[in-house]
Amino acid sequence: SVPVMLGVTDKKLVLGENGAIDPVVGPEGIKIISMGNLGKQGDIVTWYSDTRRGATEEFITHVNYGECDFLIVDLPPGTSADTVNSMLFIPDMTGVVFITVPSEVSQGVASRAANLCQTAKVQGLGIIENMSGYVCRSCHHRSELYSSGGGDKLSRDTGVPLIGRLPVDGYIGRACDEGNPFVRAYPESPG
């Protein structure tokens with residue numbers, strides 16, 4: 001999905017001079033490593049434990065990232081093998097940002113991930129509450145679509161600070177489908 005959202009589906013990953021992978025460079029100079037830049041759009045990739053672990057290791061440790069301000073690894077929710085493997089392959093990880101939505105189910109998953117990170121001595125840098133209300137583009141009134149306060153509750157339960165709330169915005173889908181980063185396409189949006 002990332003190559004679609006950043007408009008780089010036409011670019012492919014290649015091996016660099018030293019045998020490591022050169023990332024695809026997207027908007028704003030963002031370096032991207034994604035299975036979406038290896039095969040054709042719509043290819044089905046099914047990986048099981050060792051293959052998945054090997055791919056995680058390859059994408060984290062054998063890539064020519066160069067100097068980075070941030071390395072963002074988008075992981076499935078919770079305490080999956082991907083989470084554990086990422087912590088193994090990035091031993092000097094600065095920390096983790098947890099994403100939740102206002103529901104208690106999502107908070108439970110994020111809380112388990114926070115506990116895993118705490119056990120592994122990886123710092124929780126912050127919590128983002130996604131789908132946190134809706135802000136009308138016309139009148140700027142904020143409405144809660146779901147329950148509210150999930151990010152605050154998770155912060156209290158884990159001791160990790162709540163650093164932001166992202167409201168639902170119908171233009172996010174449009175920007176993603178167009179391959180235009182949302183923050184560039186709609187900079188005036190509260191999101």
# chains A, B, ... in the order shown; residues from 1 in each chain; ligands from 1
>>> select_by_dssp(residues="range 23-79 of chain A", states="strand (DSSP E)", output="NGL selection string")
:A and (24-25 or 31-32)
>>> select_by_dssp(residues="range 3-128 of chain A", states="alpha helix (DSSP H)", output="PyMOL selection string")
chain A and resi 3-5+49-61+81-89+104-119
>>> write_last_selection(atoms="C-alpha atoms", output="mmCIF file, in the first residue's frame")
data_model
loop_
_atom_site.group_PDB
_atom_site.id
_atom_site.type_symbol
_atom_site.label_atom_id
_atom_site.label_comp_id
_atom_site.auth_asym_id
_atom_site.auth_seq_id
_atom_site.Cartn_x
_atom_site.Cartn_y
_atom_site.Cartn_z
ATOM 1 C CA PRO A 3 4.022 2.660 -2.857
ATOM 2 C CA VAL A 4 0.445 3.446 -3.963
ATOM 3 C CA MET A 5 -0.023 6.074 -1.241
ATOM 4 C CA SER A 49 7.793 -17.592 9.904
ATOM 5 C CA ASP A 50 11.365 -18.097 8.633
ATOM 6 C CA THR A 51 10.738 -16.408 5.276
ATOM 7 C CA ARG A 52 9.022 -13.477 6.941
ATOM 8 C CA ARG A 53 11.822 -13.174 9.512
ATOM 9 C CA GLY A 54 14.405 -13.267 6.725
ATOM 10 C CA ALA A 55 12.598 -10.534 4.790
ATOM 11 C CA THR A 56 12.342 -8.370 7.903
ATOM 12 C CA GLU A 57 16.075 -8.809 8.502
ATOM 13 C CA GLU A 58 16.864 -8.040 4.858
ATOM 14 C CA PHE A 59 14.693 -4.912 4.782
ATOM 15 C CA ILE A 60 16.155 -3.556 8.023
ATOM 16 C CA THR A 61 19.813 -4.573 7.899
ATOM 17 C CA ALA A 81 6.828 -11.788 15.337
ATOM 18 C CA ASP A 82 7.383 -8.731 13.118
ATOM 19 C CA THR A 83 7.522 -6.541 16.215
ATOM 20 C CA VAL A 84 9.942 -8.836 18.029
ATOM 21 C CA ASN A 85 12.129 -9.292 14.943
ATOM 22 C CA SER A 86 12.288 -5.542 14.340
ATOM 23 C CA MET A 87 13.538 -5.024 17.887
ATOM 24 C CA LEU A 88 16.150 -7.757 17.361
ATOM 25 C CA PHE A 89 17.422 -6.286 14.091
ATOM 26 C CA GLU A 104 -11.093 -0.333 24.024
ATOM 27 C CA VAL A 105 -10.193 -3.236 21.716
ATOM 28 C CA SER A 106 -7.514 -1.145 20.004
ATOM 29 C CA GLN A 107 -6.233 0.139 23.337
ATOM 30 C CA GLY A 108 -5.842 -3.445 24.544
ATOM 31 C CA VAL A 109 -3.726 -4.362 21.524
ATOM 32 C CA ALA A 110 -1.600 -1.208 21.852
ATOM 33 C CA SER A 111 -1.224 -1.830 25.599
ATOM 34 C CA ARG A 112 0.135 -5.341 24.970
ATOM 35 C CA ALA A 113 2.599 -3.886 22.452
ATOM 36 C CA ALA A 114 3.662 -1.271 25.019
ATOM 37 C CA ASN A 115 4.202 -4.005 27.626
ATOM 38 C CA LEU A 116 6.294 -6.007 25.146
ATOM 39 C CA CYS A 117 8.442 -2.958 24.411
ATOM 40 C CA GLN A 118 8.837 -2.208 28.110
ATOM 41 C CA THR A 119 9.984 -5.801 28.715
#
>>> residues_around(residues="Val45 in chain A", least_positions_apart="4", cutoff="10 Å", atoms="only C-alpha atoms", output="MDAnalysis selection string")
chainID A and resid 35:36 39
>>> closest_atom_pairs(of="range 53-89 of chain A", to="range 6-29 of chain A", cutoff="8 Å", atoms="only C-alpha atoms", output="tab-separated table")
residue	atom	partner	partner_atom	distance
A:His62	CA	A:Ala20	CA	5.0
A:Val63	CA	A:Ile21	CA	4.6
A:Asn64	CA	A:Asp22	CA	5.3
A:Tyr65	CA	A:Pro23	CA	6.9
>>> write_last_selection(atoms="N, CA, C and O atoms", output="CSV table (one decimal), in the first residue's frame")
chain,number,residue,atom,x,y,z
A,62,HIS,N,20.0,-4.9,5.5
A,62,HIS,CA,20.7,-4.9,4.2
A,62,HIS,C,20.2,-3.9,3.2
A,62,HIS,O,19.9,-4.3,2.0
A,63,VAL,N,20.0,-2.7,3.6
A,63,VAL,CA,19.5,-1.6,2.8
A,63,VAL,C,20.4,-0.4,2.9
A,63,VAL,O,20.8,-0.1,4.0
A,64,ASN,N,20.6,0.2,1.8
A,64,ASN,CA,21.4,1.4,1.7
A,64,ASN,C,20.6,2.6,2.1
A,64,ASN,O,20.3,3.5,1.3
A,65,TYR,N,20.2,2.7,3.4
A,65,TYR,CA,19.4,3.9,3.8
A,65,TYR,C,20.2,5.2,3.9
A,65,TYR,O,19.7,6.3,3.7
>>> atom_distance(atom1="CA of Gly78 in chain A", atom2="CA of Thr100 in chain A")
10.4 Å
>>> closest_residue(among="A:Val135, A:Leu125, A:Ile90, A:Leu71", to="Leu166 in chain A", atoms="only C-alpha atoms")
A:Val135
>>> closest_residue(among="A:Cys68, A:Val168, A:Val160, A:Val96", to="Met131 in chain A", atoms="only C-alpha atoms")
A:Val168
>>> closest_residue(among="A:Gln123, A:Ser103, A:Asn37, A:Asn130", to="Ser148 in chain A", atoms="only C-alpha atoms")
A:Ser103
>>> residues_around(residues="Ala185 in chain A", least_positions_apart="4", cutoff="7 Å", atoms="only C-alpha atoms", output="list in words")
Ala175, Asn180 and Pro181 of chain A
>>> closest_residue(among="A:Asp74, A:Arg156, A:Gly149, A:Gly66", to="Val2 in chain A", atoms="only C-alpha atoms")
A:Asp74
>>> residues_around(residues="Pro102 in chain A", least_positions_apart="4", cutoff="7 Å", atoms="only C-alpha atoms", output="PyMOL selection string")
chain A and resi 129+132+146-151
>>> closest_residue(among="A:Gly95, A:Pro167, A:Pro77, A:Gly179", to="His140 in chain A", atoms="only C-alpha atoms")
A:Pro167
>>> closest_residue(among="A:Phe98, A:Pro190, A:Asp177, A:Leu38", to="His141 in chain A", atoms="only C-alpha atoms")
A:Pro190
>>> atom_distance(atom1="CA of Ile163 in chain A", atom2="CA of Ile128 in chain A")
5.9 Å
